[in-house]
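First the structure, in the form of structure tokens, and then the observations on it.
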Amino acid sequence: MSLNSFSPASTLLNRHLTFIGGGNMARAIIGGLLKQGLLTKNITVVEPHSVTRQRLIHDFAIDVLEHPDETIAQSNVLIMAVKPQVFPEVAKNLTPYFANLTPENTPLVFSIAAGIRLMDMQRWFGHTRLVRAMPNTPALIGQGVTGLVAHDSLNASERALIDAIAQAIGDTEWVENESLIDSITAVSGSGPAYVFYILEAMQAAAVTLGLDAEAGRRLAIQTFAGATELARRSPEALSTLREQVTSKGGTTYAALTVLQERGVHEAFQAALAAAAARGKELGEQLGQK
Ligand SMILES: NC(=O)c1ccc[n+]([C@@H]2O[C@H](COP(=O)([O-])OP(=O)(O)OC[C@H]3O[C@@H](n4cnc5c(N)ncnc54)[C@H](OP(=O)(O)O)[C@@H]3O)[C@@H](O)[C@H]2O)c1
């Protein structure tokens, strides 16, 4: 579900965004925002690594600072795109730049760092204008899905602004309860790896059945792409779509019977539960800093 009834471009009009960290995810979001019409003058990046800085300037013609300075206090949104391990230190070093601002003029903090909780951000930044998000790697080609949770204090237009930024890298899914971000991490955050795992298994099986590896790869990938697009366009339940292509006694039935006997459904239940539990544990560890 997305929050925006207005186009993302109009929601973003004249807003200034500062990215803290200019790595892969920041690049993906910046690329998407520029495509949506955000002006280059409305984006600043703080990035200490000189090669990364030069690439950003070359590719996007935006302002890139080596270190934060007082200009970042004029941003509407601070997008925290650094690794979780350095987040606490980076956040604490930013707070002096916002010390003299009134609460309503303090930039919203939009964190995409995995596992960093709202309550810890509140402690490090000293305010509650906070959103925590969990994107996934297809964001790098604008096909991601991002789970989001905002602090209760954010109003609808502030949430819509963050939604418009997240839409630069794909779809968005908002939750009210922060613990569901661990569930989203288990489903879509880690999800691309499950898809690659299944693709690998289908390719290996194709080779066992006599096809060459390249054909196995193409067949597996296109089957996934076609079937997921079919599911996306269909109003039917996923189980109905599966039943529609599984005639009793046929080939698909033979394959699904094996998958069922081997407990693949249960394995997914256990795998995603393990991912969600690990996400919670990592959040607790990061919060101790
Ligand atoms: N990639 C994904 O699919 C994905 C999915 C979900 C969530 N995320 C989250 O997104 C965040 C960014 O991931 P990424 O893949 O874009 O990582 P990345 O490519 O490593 O980008 C992080 C950037 O931040 C820079 N940085 C380090 N210290 C900094 C500081 N003090 N101030 C400003 N910038 C600093 C890094 O520079 P150096 O290289 O010099 O350290 C690097 O360029 C992470 O927190 C990750 O958990 C990523």
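Chain labels follow the order of the structure tokens: the first chain is A, the next B, and so on; residue numbering restarts at 1 in every chain, and ligands are counted from 1 in their shown order.
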
- Message: Can you work out which residues are within 7 Å of ligand 1, considering only C-alpha atoms and all ligand atoms, and then hand them over as a ChimeraX atom specification?
- Response: /A:20-26,46-49,52,67,81-84,86,90,112-114,134-137,189

For the residues in the current selection, export N, CA and C atoms as a PDB file, in the first residue's frame.
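Dumped to again_6.pdb:
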```pdb
ATOM      1  N   ILE A  20      22.866  10.982   3.982  1.00  0.00           N
ATOM      2  CA  ILE A  20      24.076  10.730   4.768  1.00  0.00           C
ATOM      3  C   ILE A  20      24.553   9.343   4.355  1.00  0.00           C
ATOM      4  N   GLY A  21      25.612   9.290   3.576  1.00  0.00           N
ATOM      5  CA  GLY A  21      26.074   8.042   2.963  1.00  0.00           C
ATOM      6  C   GLY A  21      25.623   8.027   1.518  1.00  0.00           C
ATOM      7  N   GLY A  22      26.596   7.868   0.608  1.00  0.00           N
ATOM      8  CA  GLY A  22      26.269   7.929  -0.829  1.00  0.00           C
ATOM      9  C   GLY A  22      26.596   6.624  -1.537  1.00  0.00           C
ATOM     10  N   GLY A  23      26.330   5.484  -0.876  1.00  0.00           N
ATOM     11  CA  GLY A  23      26.626   4.158  -1.457  1.00  0.00           C
ATOM     12  C   GLY A  23      25.547   3.690  -2.422  1.00  0.00           C
ATOM     13  N   ASN A  24      25.428   2.369  -2.513  1.00  0.00           N
ATOM     14  CA  ASN A  24      24.533   1.757  -3.516  1.00  0.00           C
ATOM     15  C   ASN A  24      23.079   2.181  -3.374  1.00  0.00           C
ATOM     16  N   MET A  25      22.584   2.108  -2.140  1.00  0.00           N
ATOM     17  CA  MET A  25      21.159   2.417  -1.924  1.00  0.00           C
ATOM     18  C   MET A  25      20.877   3.892  -2.184  1.00  0.00           C
ATOM     19  N   ALA A  26      21.768   4.752  -1.675  1.00  0.00           N
ATOM     20  CA  ALA A  26      21.578   6.193  -1.893  1.00  0.00           C
ATOM     21  C   ALA A  26      21.562   6.476  -3.394  1.00  0.00           C
ATOM     22  N   VAL A  46      26.268  13.598   1.821  1.00  0.00           N
ATOM     23  CA  VAL A  46      27.483  13.643   2.642  1.00  0.00           C
ATOM     24  C   VAL A  46      28.139  12.275   2.516  1.00  0.00           C
ATOM     25  N   GLU A  47      29.350  12.262   1.982  1.00  0.00           N
ATOM     26  CA  GLU A  47      30.012  10.983   1.694  1.00  0.00           C
ATOM     27  C   GLU A  47      31.526  11.168   1.868  1.00  0.00           C
ATOM     28  N   PRO A  48      32.115  10.475   2.857  1.00  0.00           N
ATOM     29  CA  PRO A  48      33.548  10.686   3.130  1.00  0.00           C
ATOM     30  C   PRO A  48      34.498  10.058   2.110  1.00  0.00           C
ATOM     31  N   HIS A  49      34.027   9.061   1.371  1.00  0.00           N
ATOM     32  CA  HIS A  49      34.913   8.310   0.473  1.00  0.00           C
ATOM     33  C   HIS A  49      35.060   9.057  -0.848  1.00  0.00           C
ATOM     34  N   THR A  52      33.768   7.519  -4.259  1.00  0.00           N
ATOM     35  CA  THR A  52      32.296   7.495  -4.286  1.00  0.00           C
ATOM     36  C   THR A  52      31.762   8.907  -4.530  1.00  0.00           C
ATOM     37  N   HIS A  67      32.199  16.179   4.504  1.00  0.00           N
ATOM     38  CA  HIS A  67      31.739  16.126   5.902  1.00  0.00           C
ATOM     39  C   HIS A  67      30.459  16.950   6.012  1.00  0.00           C
ATOM     40  N   ALA A  81      21.676   6.638   4.998  1.00  0.00           N
ATOM     41  CA  ALA A  81      21.971   5.497   4.110  1.00  0.00           C
ATOM     42  C   ALA A  81      23.379   4.966   4.364  1.00  0.00           C
ATOM     43  N   VAL A  82      23.749   4.952   5.660  1.00  0.00           N
ATOM     44  CA  VAL A  82      25.048   4.359   6.038  1.00  0.00           C
ATOM     45  C   VAL A  82      24.809   2.957   6.582  1.00  0.00           C
ATOM     46  N   LYS A  83      25.889   2.196   6.691  1.00  0.00           N
ATOM     47  CA  LYS A  83      25.781   0.847   7.242  1.00  0.00           C
ATOM     48  C   LYS A  83      25.329   0.908   8.705  1.00  0.00           C
ATOM     49  N   PRO A  84      24.560  -0.081   9.154  1.00  0.00           N
ATOM     50  CA  PRO A  84      24.056  -0.048  10.533  1.00  0.00           C
ATOM     51  C   PRO A  84      25.165   0.066  11.587  1.00  0.00           C
ATOM     52  N   VAL A  86      27.893   1.753  11.630  1.00  0.00           N
ATOM     53  CA  VAL A  86      28.413   3.109  11.886  1.00  0.00           C
ATOM     54  C   VAL A  86      27.300   4.088  12.240  1.00  0.00           C
ATOM     55  N   VAL A  90      27.524   8.097  13.561  1.00  0.00           N
ATOM     56  CA  VAL A  90      27.191   9.109  12.545  1.00  0.00           C
ATOM     57  C   VAL A  90      26.023   9.975  13.055  1.00  0.00           C
ATOM     58  N   ILE A 112      17.199   4.020   6.211  1.00  0.00           N
ATOM     59  CA  ILE A 112      17.050   2.744   5.491  1.00  0.00           C
ATOM     60  C   ILE A 112      18.017   1.707   6.050  1.00  0.00           C
ATOM     61  N   ALA A 113      18.652   2.031   7.185  1.00  0.00           N
ATOM     62  CA  ALA A 113      19.652   1.115   7.748  1.00  0.00           C
ATOM     63  C   ALA A 113      18.973  -0.086   8.406  1.00  0.00           C
ATOM     64  N   ALA A 114      19.370  -1.278   7.990  1.00  0.00           N
ATOM     65  CA  ALA A 114      18.744  -2.497   8.507  1.00  0.00           C
ATOM     66  C   ALA A 114      18.910  -2.593  10.027  1.00  0.00           C
ATOM     67  N   MET A 134      12.738  -0.591   5.500  1.00  0.00           N
ATOM     68  CA  MET A 134      13.480  -1.778   5.074  1.00  0.00           C
ATOM     69  C   MET A 134      13.279  -1.961   3.571  1.00  0.00           C
ATOM     70  N   PRO A 135      14.237  -1.493   2.772  1.00  0.00           N
ATOM     71  CA  PRO A 135      14.135  -1.723   1.323  1.00  0.00           C
ATOM     72  C   PRO A 135      14.684  -3.107   0.957  1.00  0.00           C
ATOM     73  N   ASN A 136      14.716  -3.428  -0.317  1.00  0.00           N
ATOM     74  CA  ASN A 136      15.399  -4.663  -0.743  1.00  0.00           C
ATOM     75  C   ASN A 136      16.205  -4.411  -2.015  1.00  0.00           C
ATOM     76  N   THR A 137      17.055  -5.369  -2.396  1.00  0.00           N
ATOM     77  CA  THR A 137      18.033  -5.088  -3.463  1.00  0.00           C
ATOM     78  C   THR A 137      17.436  -4.774  -4.839  1.00  0.00           C
ATOM     79  N   GLY A 189      12.817  -8.176   2.550  1.00  0.00           N
ATOM     80  CA  GLY A 189      14.199  -7.715   2.725  1.00  0.00           C
ATOM     81  C   GLY A 189      15.177  -8.816   2.337  1.00  0.00           C
TER      82      GLY A 189
END
```

Stretch 123-133 of chain A environment, 8 Å, only C-alpha atoms, sequence neighbours closer than 2 positions dropped, as an mmCIF file with N, CA, C and O atoms, in the first residue's frame:
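Contents of out17.cif, as written:
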```
data_model
loop_
_atom_site.group_PDB
_atom_site.id
_atom_site.type_symbol
_atom_site.label_atom_id
_atom_site.label_comp_id
_atom_site.auth_asym_id
_atom_site.auth_seq_id
_atom_site.Cartn_x
_atom_site.Cartn_y
_atom_site.Cartn_z
ATOM 1 N N PRO A 88 25.106 4.646 14.809
ATOM 2 C CA PRO A 88 25.027 5.398 16.070
ATOM 3 C C PRO A 88 26.022 6.558 16.125
ATOM 4 O O PRO A 88 25.656 7.689 16.480
ATOM 5 N N ALA A 91 25.011 9.336 13.627
ATOM 6 C CA ALA A 91 23.836 10.077 14.117
ATOM 7 C C ALA A 91 24.244 11.068 15.209
ATOM 8 O O ALA A 91 23.839 12.239 15.174
ATOM 9 N N LYS A 92 25.053 10.605 16.150
ATOM 10 C CA LYS A 92 25.442 11.482 17.262
ATOM 11 C C LYS A 92 26.244 12.679 16.752
ATOM 12 O O LYS A 92 26.100 13.787 17.253
ATOM 13 N N LEU A 94 25.843 14.169 13.977
ATOM 14 C CA LEU A 94 24.999 15.090 13.200
ATOM 15 C C LEU A 94 24.197 16.034 14.096
ATOM 16 O O LEU A 94 23.838 17.139 13.672
ATOM 17 N N THR A 95 23.890 15.599 15.311
ATOM 18 C CA THR A 95 22.925 16.347 16.143
ATOM 19 C C THR A 95 23.313 17.810 16.403
ATOM 20 O O THR A 95 22.413 18.661 16.446
ATOM 21 N N PRO A 103 11.312 22.293 16.824
ATOM 22 C CA PRO A 103 10.962 20.910 16.485
ATOM 23 C C PRO A 103 10.385 20.788 15.074
ATOM 24 O O PRO A 103 10.758 19.893 14.322
ATOM 25 N N THR A 106 13.002 20.884 12.321
ATOM 26 C CA THR A 106 14.037 19.844 12.342
ATOM 27 C C THR A 106 13.762 18.866 11.205
ATOM 28 O O THR A 106 12.632 18.403 11.050
ATOM 29 N N PRO A 107 14.782 18.565 10.368
ATOM 30 C CA PRO A 107 14.523 17.650 9.245
ATOM 31 C C PRO A 107 13.993 16.296 9.720
ATOM 32 O O PRO A 107 14.409 15.794 10.768
ATOM 33 N N LEU A 108 13.084 15.745 8.933
ATOM 34 C CA LEU A 108 12.632 14.375 9.188
ATOM 35 C C LEU A 108 13.826 13.458 8.958
ATOM 36 O O LEU A 108 14.611 13.688 8.032
ATOM 37 N N VAL A 109 13.947 12.432 9.769
ATOM 38 C CA VAL A 109 15.022 11.452 9.561
ATOM 39 C C VAL A 109 14.399 10.195 8.970
ATOM 40 O O VAL A 109 13.484 9.608 9.550
ATOM 41 N N PHE A 110 14.874 9.829 7.793
ATOM 42 C CA PHE A 110 14.371 8.652 7.090
ATOM 43 C C PHE A 110 15.540 7.660 7.013
ATOM 44 O O PHE A 110 16.492 7.863 6.262
ATOM 45 N N SER A 111 15.459 6.619 7.844
ATOM 46 C CA SER A 111 16.557 5.648 7.894
ATOM 47 C C SER A 111 16.243 4.405 7.079
ATOM 48 O O SER A 111 15.182 3.799 7.248
ATOM 49 N N ILE A 112 17.199 4.020 6.211
ATOM 50 C CA ILE A 112 17.050 2.744 5.491
ATOM 51 C C ILE A 112 18.017 1.707 6.050
ATOM 52 O O ILE A 112 18.195 0.639 5.462
ATOM 53 N N ALA A 113 18.652 2.031 7.185
ATOM 54 C CA ALA A 113 19.652 1.115 7.748
ATOM 55 C C ALA A 113 18.973 -0.086 8.406
ATOM 56 O O ALA A 113 18.121 0.081 9.279
ATOM 57 N N ALA A 114 19.370 -1.278 7.990
ATOM 58 C CA ALA A 114 18.744 -2.497 8.507
ATOM 59 C C ALA A 114 18.910 -2.593 10.027
ATOM 60 O O ALA A 114 20.010 -2.397 10.549
ATOM 61 N N ILE A 116 18.061 -0.795 12.597
ATOM 62 C CA ILE A 116 18.137 0.353 13.520
ATOM 63 C C ILE A 116 16.718 0.760 13.933
ATOM 64 O O ILE A 116 15.905 1.142 13.098
ATOM 65 N N ARG A 117 16.447 0.664 15.259
ATOM 66 C CA ARG A 117 15.079 0.861 15.770
ATOM 67 C C ARG A 117 14.748 2.342 16.005
ATOM 68 O O ARG A 117 15.650 3.143 16.304
ATOM 69 N N LEU A 118 13.451 2.640 15.976
ATOM 70 C CA LEU A 118 13.003 4.024 16.217
ATOM 71 C C LEU A 118 13.445 4.514 17.589
ATOM 72 O O LEU A 118 13.904 5.643 17.737
ATOM 73 N N MET A 119 13.318 3.647 18.614
ATOM 74 C CA MET A 119 13.637 4.135 19.971
ATOM 75 C C MET A 119 15.118 4.461 20.114
ATOM 76 O O MET A 119 15.490 5.369 20.855
ATOM 77 N N ASP A 120 15.971 3.744 19.365
ATOM 78 C CA ASP A 120 17.403 4.043 19.428
ATOM 79 C C ASP A 120 17.712 5.324 18.661
ATOM 80 O O ASP A 120 18.499 6.154 19.118
ATOM 81 N N MET A 121 17.037 5.482 17.491
ATOM 82 C CA MET A 121 17.228 6.740 16.744
ATOM 83 C C MET A 121 16.794 7.927 17.602
ATOM 84 O O MET A 121 17.438 8.974 17.601
ATOM 85 N N PRO A 135 14.237 -1.493 2.772
ATOM 86 C CA PRO A 135 14.135 -1.723 1.323
ATOM 87 C C PRO A 135 14.684 -3.107 0.957
ATOM 88 O O PRO A 135 15.053 -3.866 1.843
ATOM 89 N N THR A 146 9.650 -1.476 -0.273
ATOM 90 C CA THR A 146 10.187 -0.952 0.976
ATOM 91 C C THR A 146 9.112 -0.983 2.061
ATOM 92 O O THR A 146 8.032 -0.424 1.873
ATOM 93 N N GLY A 147 9.435 -1.625 3.171
ATOM 94 C CA GLY A 147 8.554 -1.599 4.339
ATOM 95 C C GLY A 147 8.886 -0.364 5.165
ATOM 96 O O GLY A 147 10.066 -0.027 5.320
ATOM 97 N N LEU A 148 7.854 0.314 5.681
ATOM 98 C CA LEU A 148 8.100 1.556 6.433
ATOM 99 C C LEU A 148 7.266 1.618 7.698
ATOM 100 O O LEU A 148 6.110 1.172 7.710
ATOM 101 N N VAL A 149 7.863 2.221 8.731
ATOM 102 C CA VAL A 149 7.100 2.538 9.939
ATOM 103 C C VAL A 149 7.548 3.927 10.404
ATOM 104 O O VAL A 149 8.741 4.238 10.385
ATOM 105 N N ALA A 150 6.560 4.757 10.774
ATOM 106 C CA ALA A 150 6.881 6.115 11.229
ATOM 107 C C ALA A 150 6.644 6.212 12.727
ATOM 108 O O ALA A 150 5.806 5.487 13.283
ATOM 109 N N HIS A 151 7.356 7.122 13.374
ATOM 110 C CA HIS A 151 7.024 7.440 14.767
ATOM 111 C C HIS A 151 5.602 8.005 14.794
ATOM 112 O O HIS A 151 5.188 8.703 13.853
ATOM 113 N N SER A 153 4.320 10.410 16.051
ATOM 114 C CA SER A 153 4.173 11.866 16.008
ATOM 115 C C SER A 153 4.119 12.422 14.576
ATOM 116 O O SER A 153 3.784 13.593 14.399
ATOM 117 N N LEU A 154 4.429 11.617 13.570
ATOM 118 C CA LEU A 154 4.432 12.154 12.195
ATOM 119 C C LEU A 154 3.017 12.284 11.645
ATOM 120 O O LEU A 154 2.201 11.367 11.793
ATOM 121 N N ILE A 162 7.780 11.074 2.851
ATOM 122 C CA ILE A 162 8.698 9.925 2.943
ATOM 123 C C ILE A 162 8.275 8.853 1.926
ATOM 124 O O ILE A 162 9.114 8.248 1.259
ATOM 125 N N ILE A 181 8.311 -4.721 11.047
ATOM 126 C CA ILE A 181 9.446 -4.475 10.146
ATOM 127 C C ILE A 181 10.351 -5.720 10.127
ATOM 128 O O ILE A 181 10.922 -6.071 9.088
#
```

I'd like the neighbourhood of A:Arg27 as an mmCIF file with N, CA, C and O atoms, in the first residue's frame, where a residue qualifies if any of its atoms comes within 12 Å (using only C-alpha atoms), though same-chain residues fewer than 2 positions away should be ignored.
```
data_model
loop_
_atom_site.group_PDB
_atom_site.id
_atom_site.type_symbol
_atom_site.label_atom_id
_atom_site.label_comp_id
_atom_site.auth_asym_id
_atom_site.auth_seq_id
_atom_site.Cartn_x
_atom_site.Cartn_y
_atom_site.Cartn_z
ATOM 1 N N PHE A 19 21.327 13.205 1.820
ATOM 2 C CA PHE A 19 21.666 11.797 2.056
ATOM 3 C C PHE A 19 22.927 11.745 2.904
ATOM 4 O O PHE A 19 23.932 12.380 2.561
ATOM 5 N N ILE A 20 22.866 10.982 3.982
ATOM 6 C CA ILE A 20 24.076 10.730 4.768
ATOM 7 C C ILE A 20 24.553 9.343 4.355
ATOM 8 O O ILE A 20 23.927 8.332 4.691
ATOM 9 N N GLY A 21 25.612 9.290 3.576
ATOM 10 C CA GLY A 21 26.074 8.042 2.963
ATOM 11 C C GLY A 21 25.623 8.027 1.518
ATOM 12 O O GLY A 21 24.427 8.191 1.235
ATOM 13 N N GLY A 22 26.596 7.868 0.608
ATOM 14 C CA GLY A 22 26.269 7.929 -0.829
ATOM 15 C C GLY A 22 26.596 6.624 -1.537
ATOM 16 O O GLY A 22 27.067 6.631 -2.669
ATOM 17 N N GLY A 23 26.330 5.484 -0.876
ATOM 18 C CA GLY A 23 26.626 4.158 -1.457
ATOM 19 C C GLY A 23 25.547 3.690 -2.422
ATOM 20 O O GLY A 23 24.824 4.492 -3.023
ATOM 21 N N ASN A 24 25.428 2.369 -2.513
ATOM 22 C CA ASN A 24 24.533 1.757 -3.516
ATOM 23 C C ASN A 24 23.079 2.181 -3.374
ATOM 24 O O ASN A 24 22.419 2.531 -4.353
ATOM 25 N N MET A 25 22.584 2.108 -2.140
ATOM 26 C CA MET A 25 21.159 2.417 -1.924
ATOM 27 C C MET A 25 20.877 3.892 -2.184
ATOM 28 O O MET A 25 19.864 4.234 -2.805
ATOM 29 N N ILE A 29 18.223 5.539 -4.921
ATOM 30 C CA ILE A 29 17.144 6.488 -4.587
ATOM 31 C C ILE A 29 17.341 7.797 -5.360
ATOM 32 O O ILE A 29 16.393 8.345 -5.938
ATOM 33 N N ILE A 30 18.579 8.268 -5.399
ATOM 34 C CA ILE A 30 18.858 9.533 -6.108
ATOM 35 C C ILE A 30 18.483 9.397 -7.595
ATOM 36 O O ILE A 30 17.806 10.264 -8.164
ATOM 37 N N GLY A 31 18.900 8.280 -8.210
ATOM 38 C CA GLY A 31 18.576 8.050 -9.625
ATOM 39 C C GLY A 31 17.069 8.092 -9.851
ATOM 40 O O GLY A 31 16.577 8.728 -10.783
ATOM 41 N N GLY A 32 16.325 7.439 -8.958
ATOM 42 C CA GLY A 32 14.864 7.394 -9.070
ATOM 43 C C GLY A 32 14.242 8.764 -8.875
ATOM 44 O O GLY A 32 13.320 9.152 -9.606
ATOM 45 N N LEU A 33 14.755 9.518 -7.899
ATOM 46 C CA LEU A 33 14.196 10.850 -7.620
ATOM 47 C C LEU A 33 14.418 11.796 -8.799
ATOM 48 O O LEU A 33 13.524 12.574 -9.162
ATOM 49 N N LEU A 34 15.601 11.720 -9.397
ATOM 50 C CA LEU A 34 15.883 12.605 -10.529
ATOM 51 C C LEU A 34 14.984 12.247 -11.716
ATOM 52 O O LEU A 34 14.497 13.130 -12.418
ATOM 53 N N ILE A 43 19.205 18.185 -3.919
ATOM 54 C CA ILE A 43 19.809 16.988 -3.312
ATOM 55 C C ILE A 43 21.244 17.289 -2.888
ATOM 56 O O ILE A 43 22.024 17.852 -3.652
ATOM 57 N N THR A 44 21.546 16.917 -1.642
ATOM 58 C CA THR A 44 22.928 16.986 -1.148
ATOM 59 C C THR A 44 23.276 15.606 -0.604
ATOM 60 O O THR A 44 22.413 14.930 -0.034
ATOM 61 N N VAL A 45 24.529 15.222 -0.785
ATOM 62 C CA VAL A 45 24.993 13.957 -0.205
ATOM 63 C C VAL A 45 26.206 14.254 0.665
ATOM 64 O O VAL A 45 27.044 15.084 0.293
ATOM 65 N N GLU A 47 29.350 12.262 1.982
ATOM 66 C CA GLU A 47 30.012 10.983 1.694
ATOM 67 C C GLU A 47 31.526 11.168 1.868
ATOM 68 O O GLU A 47 32.156 11.904 1.114
ATOM 69 N N THR A 52 33.768 7.519 -4.259
ATOM 70 C CA THR A 52 32.296 7.495 -4.286
ATOM 71 C C THR A 52 31.762 8.907 -4.530
ATOM 72 O O THR A 52 30.807 9.110 -5.290
ATOM 73 N N ARG A 53 32.410 9.888 -3.895
ATOM 74 C CA ARG A 53 31.984 11.292 -4.066
ATOM 75 C C ARG A 53 32.108 11.729 -5.521
ATOM 76 O O ARG A 53 31.178 12.289 -6.091
ATOM 77 N N ARG A 55 32.178 9.929 -8.188
ATOM 78 C CA ARG A 55 31.205 9.214 -9.051
ATOM 79 C C ARG A 55 29.828 9.866 -8.962
ATOM 80 O O ARG A 55 29.124 10.010 -9.964
ATOM 81 N N LEU A 56 29.440 10.239 -7.747
ATOM 82 C CA LEU A 56 28.114 10.870 -7.572
ATOM 83 C C LEU A 56 28.038 12.196 -8.316
ATOM 84 O O LEU A 56 27.045 12.498 -8.985
ATOM 85 N N ILE A 57 29.123 12.977 -8.209
ATOM 86 C CA ILE A 57 29.149 14.291 -8.877
ATOM 87 C C ILE A 57 29.110 14.076 -10.396
ATOM 88 O O ILE A 57 28.352 14.729 -11.109
ATOM 89 N N ASP A 59 28.019 11.400 -12.115
ATOM 90 C CA ASP A 59 26.810 10.758 -12.644
ATOM 91 C C ASP A 59 25.552 11.612 -12.491
ATOM 92 O O ASP A 59 24.644 11.523 -13.309
ATOM 93 N N PHE A 60 25.482 12.395 -11.399
ATOM 94 C CA PHE A 60 24.220 13.084 -11.109
ATOM 95 C C PHE A 60 24.311 14.616 -11.078
ATOM 96 O O PHE A 60 23.274 15.282 -10.959
ATOM 97 N N ILE A 62 25.178 16.547 -8.635
ATOM 98 C CA ILE A 62 24.577 17.040 -7.381
ATOM 99 C C ILE A 62 25.700 17.494 -6.441
ATOM 100 O O ILE A 62 26.865 17.177 -6.676
ATOM 101 N N ILE A 79 18.270 11.544 4.840
ATOM 102 C CA ILE A 79 18.127 10.118 4.521
ATOM 103 C C ILE A 79 19.378 9.392 4.986
ATOM 104 O O ILE A 79 20.476 9.610 4.458
ATOM 105 N N ALA A 81 21.676 6.638 4.998
ATOM 106 C CA ALA A 81 21.971 5.497 4.110
ATOM 107 C C ALA A 81 23.379 4.966 4.364
ATOM 108 O O ALA A 81 24.100 4.625 3.437
ATOM 109 N N ALA A 139 15.637 -2.662 -5.467
ATOM 110 C CA ALA A 139 15.631 -1.194 -5.452
ATOM 111 C C ALA A 139 16.699 -0.650 -6.388
ATOM 112 O O ALA A 139 16.530 0.427 -6.969
ATOM 113 N N LEU A 140 17.783 -1.393 -6.547
ATOM 114 C CA LEU A 140 18.899 -0.914 -7.367
ATOM 115 C C LEU A 140 18.491 -0.738 -8.825
ATOM 116 O O LEU A 140 19.138 -0.013 -9.571
ATOM 117 N N ILE A 141 17.392 -1.408 -9.250
ATOM 118 C CA ILE A 141 16.880 -1.199 -10.620
ATOM 119 C C ILE A 141 15.449 -0.615 -10.585
ATOM 120 O O ILE A 141 14.681 -0.774 -11.524
ATOM 121 N N GLY A 142 15.108 0.010 -9.456
ATOM 122 C CA GLY A 142 13.790 0.655 -9.341
ATOM 123 C C GLY A 142 12.629 -0.309 -9.182
ATOM 124 O O GLY A 142 11.468 0.066 -9.316
ATOM 125 N N ALA A 168 10.695 6.165 -5.158
ATOM 126 C CA ALA A 168 11.745 6.313 -6.184
ATOM 127 C C ALA A 168 12.432 4.986 -6.471
ATOM 128 O O ALA A 168 13.051 4.821 -7.515
ATOM 129 N N ILE A 169 12.323 4.024 -5.536
ATOM 130 C CA ILE A 169 12.987 2.727 -5.750
ATOM 131 C C ILE A 169 11.973 1.583 -5.821
ATOM 132 O O ILE A 169 12.326 0.422 -5.700
#
```

- Looking only at alpha helix (DSSP H) from DSSP on the backbone, list the matching residues of stretch 76-284 of chain A as JSON, numbers by chain. {"A": [87, 88, 89, 90, 91, 92, 93, 94, 118, 119, 120, 121, 122, 123, 124, 125, 156, 157, 158, 159, 160, 161, 162, 163, 164, 165, 166, 179, 180, 181, 182, 183, 184, 191, 192, 193, 194, 195, 196, 197, 198, 199, 200, 201, 202, 203, 204, 205, 206, 207, 208, 213, 214, 215, 216, 217, 218, 219, 220, 221, 222, 223, 224, 225, 226, 227, 228, 229, 230, 231, 232, 233, 238, 239, 240, 241, 242, 243, 244, 251, 252, 253, 254, 255, 256, 257, 258, 259, 260, 261, 264, 265, 266, 267, 268, 269, 270, 271, 272, 273, 274, 275, 276, 277, 278, 279, 280, 281, 282, 283, 284]}

- Task: Determine which residues of stretch 129-175 of chain A DSSP labels as strand (DSSP E or B) from the backbone of this structure, then write them out as a PyMOL selection string.
- Result: chain A and resi 130-134+144-150+170-174

- Task: Take atom CA of A:Met80 and atom CA of A:Tyr194 and report the distance between them in Å, one decimal.
- Result: 26.7 Å

- If you count only C-alpha atoms, which residues fall within 12 Å of A:Ala164, apart from same-chain ones fewer than 4 positions away, as a ChimeraX atom specification? /A:2-13,15,17,29,32-33,36-38,77,110,146,148,157-160,168-172

- One decimal, Å: what's the distance from atom CA of A:Leu209 over to atom CA of A:Val258, could you say?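 Taking atom CA of A:Leu209 as the start and atom CA of A:Val258 as the end point, the length is 16.4 Å.
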
- Among the residues A:Thr208, A:Thr257, A:Asn42, A:Gln203, the one that comes closest to A:Phe224 [using only C-alpha atoms]: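 Nearest to A:Phe224: A:Gln203.
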
- Have a look at atom CA of A:Ser183 and atom CA of A:Arg278 and let me know their distance in Å, one decimal. 10.5 Å
